[in-house]
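The structure under discussion appears below in the form of structure tokens.
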Amino acid sequence: MTMAKFLLLLCWIPLGITAFTATPSSARGGMMRTTTTNLHSTTAEAAETITTMPPPLPKELKNEYYFLRHGQSTANVAGIISSARSLAYSTKHGLTDVGVEQGKASATILLELLLLSSSKKKNVIQFVTSPFARAEQTAKACQMALKELTSDSNNLQIAQEIVYDDRLMERYFGRLDGEALYTYAYVWPMDKMNPTHKAFDVESVAEVCTRFRDFIMDMETKYDNTSIVMASHADVCQISQLYAANVDNVGEFSSYRFANGEVRKMEDAPESLPSPVPLEAPKRGTALFTEQQFFLRE
């Protein structure tokens, strides 16, 4: 089956929208606090599908923002999609030992980016994390390692609290949740053609951008001259990065993959993006792809 026929077949799949919410738990470990921002309500308004992309972010922002993708998780190793809203504020699908080390290693790159920042005023660093265990554990590992790397001469102040925010949680993959990783490739080509599509009941690109914009505007009211580190997930980081960079087609995000534990600064221009790696079509008869083969290619 050619990619064109494959996409045509998907167009016949009944589309829908799945409402989902996350209920915050109490703070864990004495150092965390929650932000009770639900992505969707369970009332009738949740049935309304977003049909347009949100407006761009303001050109001038008070804070600087850094994307941090979580380290290797047990779901990555199992080769499955892990996006169920029931995972929020739970310990399921947390980091492997490799993932913890990736979280620690990310602090070195983060520090380099912070020290290269053109704004010397933004010396307060605030970690904000998705409530999924893999993102929270990465934020903790990065924060602890960053504290060990910094010194008084760096003039950097690291906020003790790590804030949860539901708007950074994983993109919801609807009926594909729990399926093999290669089924991402059933959705990404359609994302390129239509950022509002909801095939398989997935959360659309436009919906991710809308909640991300809401998150940024909220941070702009709560913080001032702060470097905000956003611990999140691959699709959310990639979609949000292209949206913030004002690219013409945010649906092309799958060509700008984040590796586990990778850190990038949020910029407002397309030239800030890394070189794209084109998406490969699913291989006929292939049951599984490893992460290195599929979405962590160099």
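In the structure tokens, the first chain shown is A, the next is B, and so on; residue numbers restart at 1 for each chain, and ligands run from 1 in the order shown.
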
With range 195-210 of chain A as the partner and 12 Å as the cut-off, tabulate the residues of range 49-123 of chain A that qualify, each row holding the nearest pair of atoms and their distance in Å to one decimal, using only C-alpha atoms, sorted by chain and rising number, as CSV.
```
residue,atom,partner,partner_atom,distance
A:Thr49,CA,A:Thr196,CA,8.3
A:Ile50,CA,A:Glu207,CA,6.3
A:Thr51,CA,A:Thr196,CA,5.7
A:Thr52,CA,A:Ala206,CA,6.6
A:Met53,CA,A:Ala206,CA,4.9
A:Pro54,CA,A:Thr210,CA,5.6
A:Pro55,CA,A:Thr210,CA,8.7
A:Pro56,CA,A:Cys209,CA,9.5
A:Leu57,CA,A:Cys209,CA,10.2
A:Ile81,CA,A:Val202,CA,11.9
A:Ser83,CA,A:Val202,CA,10.0
A:Ala84,CA,A:Val202,CA,11.1
A:Arg85,CA,A:Glu203,CA,11.8
```

**Request:** Please give the complete set of residues from range 76-279 of chain A that DSSP, run on the backbone, assigns to strand (DSSP E or B), formatted as a ChimeraX atom specification.
**Result:** /A:80,95,124-129,157-164,180,226-232,263-265

Take the selection from the previous step and output its residues with N, CA, C and O atoms, as a tab-separated table (two decimals), in the first residue's frame.
```tsv
chain	number	residue	atom	x	y	z
A	80	ILE	N	5.58	1.00	23.50
A	80	ILE	CA	4.15	1.30	23.41
A	80	ILE	C	3.90	2.79	23.61
A	80	ILE	O	4.69	3.50	24.23
A	95	LEU	N	10.83	6.52	34.70
A	95	LEU	CA	12.12	6.40	34.03
A	95	LEU	C	12.80	5.07	34.31
A	95	LEU	O	12.67	4.50	35.40
A	124	VAL	N	16.71	33.48	37.45
A	124	VAL	CA	15.91	32.59	38.28
A	124	VAL	C	15.42	31.47	37.37
A	124	VAL	O	14.86	31.72	36.30
A	125	ILE	N	15.62	30.23	37.81
A	125	ILE	CA	15.25	29.07	37.00
A	125	ILE	C	14.11	28.34	37.68
A	125	ILE	O	14.23	27.91	38.84
A	126	GLN	N	12.99	28.20	36.97
A	126	GLN	CA	11.81	27.53	37.51
A	126	GLN	C	11.49	26.30	36.66
A	126	GLN	O	11.30	26.40	35.45
A	127	PHE	N	11.45	25.13	37.28
A	127	PHE	CA	11.07	23.91	36.59
A	127	PHE	C	9.55	23.73	36.68
A	127	PHE	O	8.97	23.83	37.76
A	128	VAL	N	8.93	23.47	35.53
A	128	VAL	CA	7.50	23.15	35.46
A	128	VAL	C	7.39	21.83	34.70
A	128	VAL	O	8.03	21.66	33.66
A	129	THR	N	6.59	20.90	35.20
A	129	THR	CA	6.58	19.56	34.62
A	129	THR	C	5.18	19.06	34.31
A	129	THR	O	4.20	19.42	34.98
A	157	GLN	N	19.83	31.33	40.18
A	157	GLN	CA	19.05	30.92	41.34
A	157	GLN	C	18.02	29.88	40.89
A	157	GLN	O	17.20	30.16	40.01
A	158	ILE	N	18.06	28.69	41.48
A	158	ILE	CA	17.16	27.61	41.10
A	158	ILE	C	16.02	27.52	42.10
A	158	ILE	O	16.26	27.30	43.30
A	159	ALA	N	14.80	27.73	41.64
A	159	ALA	CA	13.64	27.64	42.52
A	159	ALA	C	13.54	26.23	43.09
A	159	ALA	O	13.74	25.24	42.38
A	160	GLN	N	13.24	26.12	44.37
A	160	GLN	CA	13.17	24.83	45.03
A	160	GLN	C	11.98	24.01	44.58
A	160	GLN	O	12.06	22.80	44.39
A	161	GLU	N	10.84	24.67	44.41
A	161	GLU	CA	9.62	23.97	44.02
A	161	GLU	C	9.67	23.60	42.54
A	161	GLU	O	10.13	24.38	41.70
A	162	ILE	N	9.17	22.41	42.22
A	162	ILE	CA	8.91	22.02	40.84
A	162	ILE	C	7.40	22.00	40.68
A	162	ILE	O	6.69	21.33	41.43
A	163	VAL	N	6.91	22.72	39.71
A	163	VAL	CA	5.47	22.92	39.54
A	163	VAL	C	4.90	21.93	38.54
A	163	VAL	O	5.45	21.75	37.46
A	164	TYR	N	3.79	21.30	38.89
A	164	TYR	CA	3.05	20.45	37.94
A	164	TYR	C	2.13	21.34	37.10
A	164	TYR	O	1.51	22.27	37.62
A	180	ALA	N	1.60	-0.20	19.65
A	180	ALA	CA	3.03	-0.15	19.35
A	180	ALA	C	3.45	1.23	18.86
A	180	ALA	O	2.66	1.95	18.24
A	226	THR	N	12.16	35.23	34.34
A	226	THR	CA	12.47	33.88	34.83
A	226	THR	C	12.78	32.96	33.65
A	226	THR	O	12.19	33.09	32.58
A	227	SER	N	13.72	32.04	33.85
A	227	SER	CA	13.97	30.99	32.87
A	227	SER	C	13.13	29.78	33.27
A	227	SER	O	13.37	29.17	34.31
A	228	ILE	N	12.14	29.44	32.46
A	228	ILE	CA	11.20	28.39	32.78
A	228	ILE	C	11.55	27.13	31.98
A	228	ILE	O	11.57	27.16	30.74
A	229	VAL	N	11.84	26.06	32.69
A	229	VAL	CA	12.20	24.78	32.08
A	229	VAL	C	10.96	23.90	32.07
A	229	VAL	O	10.41	23.58	33.13
A	230	MET	N	10.52	23.51	30.88
A	230	MET	CA	9.27	22.78	30.70
A	230	MET	C	9.57	21.31	30.44
A	230	MET	O	9.98	20.93	29.34
A	231	ALA	N	9.40	20.46	31.45
A	231	ALA	CA	9.62	19.02	31.30
A	231	ALA	C	8.37	18.39	30.72
A	231	ALA	O	7.31	18.39	31.35
A	232	SER	N	8.48	17.86	29.50
A	232	SER	CA	7.29	17.38	28.81
A	232	SER	C	7.64	16.17	27.94
A	232	SER	O	8.56	15.42	28.27
A	263	VAL	N	17.37	18.97	25.46
A	263	VAL	CA	16.97	20.31	25.86
A	263	VAL	C	17.11	21.26	24.68
A	263	VAL	O	18.12	21.22	23.97
A	264	ARG	N	16.10	22.09	24.45
A	264	ARG	CA	16.17	23.14	23.44
A	264	ARG	C	15.53	24.41	23.98
A	264	ARG	O	14.54	24.35	24.70
A	265	LYS	N	16.08	25.53	23.60
A	265	LYS	CA	15.49	26.81	23.98
A	265	LYS	C	14.36	27.15	23.03
A	265	LYS	O	14.45	26.89	21.82
```

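Using only C-alpha atoms for every distance, the candidate list A:Pro276, A:Gly178, A:Gly94, A:Gly79 yields A:Gly94 as the residue closest to Phe132 in chain A.
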
**Request:** Between CA of Glu262 in chain A and CA of Pro274 in chain A, measure the distance and give it in Å to one decimal.
**Result:**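 It comes out at 12.4 Å.
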
Dump as JSON lines the rows for residues of range 57-90 of chain A within 12 Å of range 142-156 of chain A: closest atom pair and distance in Å with one decimal, only C-alpha atoms counted, ordered by chain and rising residue number.
```
{"residue": "A:Leu68", "atom": "CA", "partner": "A:Cys142", "partner_atom": "CA", "distance": 9.2}
{"residue": "A:Arg69", "atom": "CA", "partner": "A:Cys142", "partner_atom": "CA", "distance": 10.9}
{"residue": "A:His70", "atom": "CA", "partner": "A:Cys142", "partner_atom": "CA", "distance": 9.9}
{"residue": "A:Gly71", "atom": "CA", "partner": "A:Cys142", "partner_atom": "CA", "distance": 10.1}
```

**Request:** Would you mind writing down, as a PyMOL selection string, each residue of range 68-226 of chain A that DSSP on the backbone assigns to helix (DSSP H, G or I)?
**Result:** chain A and resi 74-78+85-87+97-116+133-149+152-154+166-168+174-176+181-186+188-193+199-201+205-222

**Request:** Could you jot down the CA of Asp214 in chain A to CA of Ala139 in chain A separation for me, Å, one decimal place?
**Result:** 21.1 Å

**Exercise: range 245-256 of chain A partners within 8 Å, only C-alpha atoms, chain neighbours under 3 positions left out, as a PyMOL selection string** = chain A and resi 56+188+191-195+205+235+238-239+241-242+266-270+272-279

**Atomic separation - CA of Glu60 in chain A relative to CA of Asp224 in chain A, Å** =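 Going from CA of Asp224 in chain A over to CA of Glu60 in chain A, I get 12.4 Å.
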
**Message:** If we count only C-alpha atoms and set the cut-off at 6 Å, which residues sit around Thr74 in chain A, ignoring sequence neighbours fewer than 3 positions away in its own chain? Please answer as a ChimeraX atom specification.
**Reply:** /A:77,93,96

**Asked** Closest to Tyr182 in chain A among A:Gln102, A:Asn76, A:Asn225, A:Tyr65, using only C-alpha atoms?
**Response** A:Asn76

**Item:** Nearest residue to Lys59 in chain A from the set A:Val236, A:Ala244, A:Glu170, A:Ser117 (distances using only C-alpha atoms)
**Value:**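 Looking at the shortest contact to Lys59 in chain A, the residue is A:Ala244.
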
**Item:** Among listed residues A:Asp97, A:Glu136, A:Glu220, A:Glu64, nearest Met169 in chain A (using only C-alpha atoms)
**Value:**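 Using only C-alpha atoms, the shortest distance to Met169 in chain A belongs to A:Glu136.
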